[in-house]
Each structure stands twice: as structure tokens, then as C-alpha cells.
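Undergrad: Sending over a structure as C-alpha cells; questions will come in a sec.
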Amino acid sequence: MQKLNIFIRSAIFNIMFLIASIIFSISALPMLFMPSIYTLKVAKIWSKSSLWLLKHICHLDYKITGLENIPQNTHVVFASKHQSAWETVAYQTFLHPSVFMFKKELAFIPLFGIALLKAKNIPINRGHANKGMIKDLTNKFKDRLQNQNIIIFPEGTRTKPNTPANYKSGLSLITENIKTFVVPIAMNSGIYWPKKSFLKYPGTIQVHILPPIETGSMSHLDFQKKFVGIVEDEMKRL
């Protein structure tokens, strides 16, 4: 009976989520003629509405700790563990205003892709990084950080809970030439919204925002070692 209840609630949420996403994508179209910050505001409303649907339909909530670790009066790079679609939906709610670094294939989704690009999210090829790509991304990071935060998933794709970490080197190579703060985030969304799963399980997702790492003063290898150590140690506690 419990499994059936979870299935029904997940089905209702998926339908409502799809309808809401289409509505918000259409509503964002007029923003094409306005500054990108307005598209981000629409994204924040969409994010909040999606979390409301999750809470009231699937009984899936979240708890954040460590908001005090976010540096004030500056824009930062949030580098998050990536286990689920949940974080791509939720982060605009409490990390606003932020843009994502996302796989470029998403830009071809009708309406949604246009909104992604208008908001100045950063598309990326998920192939092997080269010097030209890193230089281009570094310049885009410098540009975006003047007005927004940047959210990046250094693993490059969603990973299942309790699987070995496989962090890509892109973030460390980019931030080696940028003086900013990288704020690590550990979370366990994959337990409740599993990768490639139709089901959303009831519970409370834990999001831990960790102390920032100041970049521009260490090599990319030193940064990578420090960042991975901080995030994975916290994942063990989760």
C-alpha cells in the first residue's frame, strides 16, 4: 500500500511539475526583451512552486544548514554534489541570484532552452576540456560573477548515493585564474529523488553549505584536493 501511495503521489507531482514548467517557460518569453535578471526572477518563482509541489504532494521537504558560510557582499561559485534533479530545481530558491553551468544539449529544449540562455546560464560541452574551452569558461565566469552567483556540479553528472566520487578537473582549472570564493555543498537528494527514477520518496533532504575556499592563490591540483576532501568528508557524515 505504501509503495502504491508513493507511486500515485509521484505521478501526480510529475504531471503538475511538467504543466508548471511549461507555463513558466511561456511566461518567461516576454523576458527576452528585458534584462536577464527578470528571467532569473521567474526561475526563482518556478523553483519555489516546484518545492511546494514536492512538499505537499510527495511529502518531500528539505533542510539547509550553513547559510552563514556564504560570503556576503560578493558573488561566489557554489560547487555542489550532484545526485538528483532536485538540486537543479531547488537551488534558485535559496542561492538566488545564480546561473548554472549546464550541458549544452539542454539549450535545444523548446522554450526552456531559450530561457536558460537568456538568463546567461553557461552551456558546456561535456567532453574532454582543452585550453581553449577553459579560457572561454574562465572569461564567462569572470563576467557572470560581476552580477550573479554561479552554480556548478563538478562531478559533471548525477551520481548515485554511496558510489565512488569522480570529480572532473574543470572547476579547479577555471578558478585557478579567478580570485573568488568557491562554496562547497554536500547533500543527499539521491536518497529521495533517485537518478533516472520516476519515484519521489517522502522525507527531508539535507543540504550542508560548507565553509568557502578562496581561489586564485593555490594551484588547481591543491584546490582539487582540498575541495574533494571537504565535500566527501561531509558526505560521510550525511
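Ligands are numbered from 1 in the order shown, chains are lettered A, B, ... in the order of the C-alpha cells, and residues start at 1 in each chain.
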Determine, using only C-alpha atoms, which residues of range 67-142 of chain A have any atom at most 12 Å from an atom of range 222-231 of chain A, and tabulate each with its shortest atom pair and distance in Å to one decimal place, rows ordered by chain and then rising number, as a tab-separated table.

TA:
residue	atom	partner	partner_atom	distance
A:Phe78	CA	A:Phe227	CA	11.6
A:Ala79	CA	A:Phe227	CA	9.0
A:Ser80	CA	A:Val231	CA	8.4
A:Lys81	CA	A:Val231	CA	7.6
A:His82	CA	A:Val231	CA	11.3

Undergrad: Go ahead and save the residues from that selection, with N, CA, C and O atoms, as an mmCIF file, in the first residue's frame.

TA:
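Result file follows (again20.cif):
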data_model
loop_
_atom_site.group_PDB
_atom_site.id
_atom_site.type_symbol
_atom_site.label_atom_id
_atom_site.label_comp_id
_atom_site.auth_asym_id
_atom_site.auth_seq_id
_atom_site.Cartn_x
_atom_site.Cartn_y
_atom_site.Cartn_z
ATOM 1 N N PHE A 78 29.130 28.382 -6.289
ATOM 2 C CA PHE A 78 28.636 27.267 -5.481
ATOM 3 C C PHE A 78 28.974 25.972 -6.216
ATOM 4 O O PHE A 78 28.543 25.775 -7.361
ATOM 5 N N ALA A 79 29.749 25.112 -5.577
ATOM 6 C CA ALA A 79 30.152 23.846 -6.191
ATOM 7 C C ALA A 79 29.507 22.711 -5.411
ATOM 8 O O ALA A 79 29.868 22.444 -4.261
ATOM 9 N N SER A 80 28.532 22.057 -6.024
ATOM 10 C CA SER A 80 27.661 21.146 -5.297
ATOM 11 C C SER A 80 27.828 19.686 -5.712
ATOM 12 O O SER A 80 28.073 19.371 -6.876
ATOM 13 N N LYS A 81 27.657 18.833 -4.734
ATOM 14 C CA LYS A 81 27.440 17.417 -5.019
ATOM 15 C C LYS A 81 26.197 17.302 -5.904
ATOM 16 O O LYS A 81 25.262 18.110 -5.780
ATOM 17 N N HIS A 82 26.166 16.298 -6.776
ATOM 18 C CA HIS A 82 25.045 16.189 -7.726
ATOM 19 C C HIS A 82 24.536 14.753 -7.742
ATOM 20 O O HIS A 82 25.151 13.868 -8.313
#

Undergrad: Which neighbours of range 145-150 of chain A fall inside 9 Å, counting only C-alpha atoms, when residues of the same chain fewer than 5 positions from it are skipped, and could you give them as a list in words?

TA: Ile37, Thr74, His75, Val76, Val77, Phe78, Ala79, Leu95, His96, Pro97, Ser98, Val99, Phe100, Met101, Asn121, Ile122, Lys140 and Thr180 of chain A

Undergrad: What is the distance, in Å and to one decimal place, between CA of Phe7 in chain A and CA of Ser189 in chain A?

TA: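 So the answer is 17.9 Å.
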
Undergrad: Output as a PyMOL selection string all residues of range 10-172 of chain A that backbone DSSP marks as alpha helix (DSSP H).

TA: chain A and resi 10-27+36-57+86-94+112-118+131-144+170-172

Undergrad: Looking at A:Lys195, A:Ile213, A:His59, A:Ala107, which one is nearest to Ile6 in chain A, with distances taken over only C-alpha atoms?

TA: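 Using only C-alpha atoms, Ile6 in chain A sits closest to A:His59.
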
Undergrad: Any idea what the distance is between CA of Trp86 in chain A and CA of Ile205 in chain A?

TA: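 So the answer is 9.4 Å.
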
Undergrad: Pick the closest to Ala43 in chain A from A:Met16, A:Ala186, A:Ile57, A:Ala115: which is it, counting only C-alpha atoms?

TA: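 Of all the options, A:Ala115 lies closest to Ala43 in chain A.
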
Undergrad: Which residues are near Glu176 in chain A? Cut-off 9 Å, only C-alpha atoms, ignore same chain within fewer than 5 positions. Put them as a list of chain:residue names.

TA: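 These residues fall inside the cut-off: A:Leu171, A:Thr215, A:Gly216, A:Ser217, A:Met218, A:Ser219, A:His220, A:Phe223.
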
Undergrad: Which residue, A:Gln92, A:Lys120, A:Ile174, A:Lys103, has the smallest gap to Asp136 in chain A when you use only C-alpha atoms?

TA: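 The shortest atom-to-atom distance to Asp136 in chain A comes from A:Ile174.
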
Undergrad: Between A:Phe153, A:Tyr91, A:Phe198, A:Phe17, which residue has the minimum interatomic distance to Gly170 in chain A, considering only C-alpha atoms?

TA: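 Among the listed residues, the smallest separation from Gly170 in chain A belongs to A:Phe153.
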
Undergrad: Need to verify the contact set: Val42 in chain A, 12 Å, only C-alpha atoms, exclusion of same-chain residues closer than 5 positions in sequence. Can you return it as a list in words?

TA: Ala20, Ser21, Ile23, Phe24, Ser25, Ile26, Ser27, Ala28, Leu29, Pro30, Met31, Leu32, Ser36, Ile37, Ser47, Lys48, Ser49, Gln92, Thr93, His96, Pro97, Phe112, Ala115, Leu116, Lys118 and Ala119 of chain A

Undergrad: Would you mind reading off the distance between CA of Met187 in chain A and CA of Gln83 in chain A, one decimal, in Å?

TA: 8.1 Å
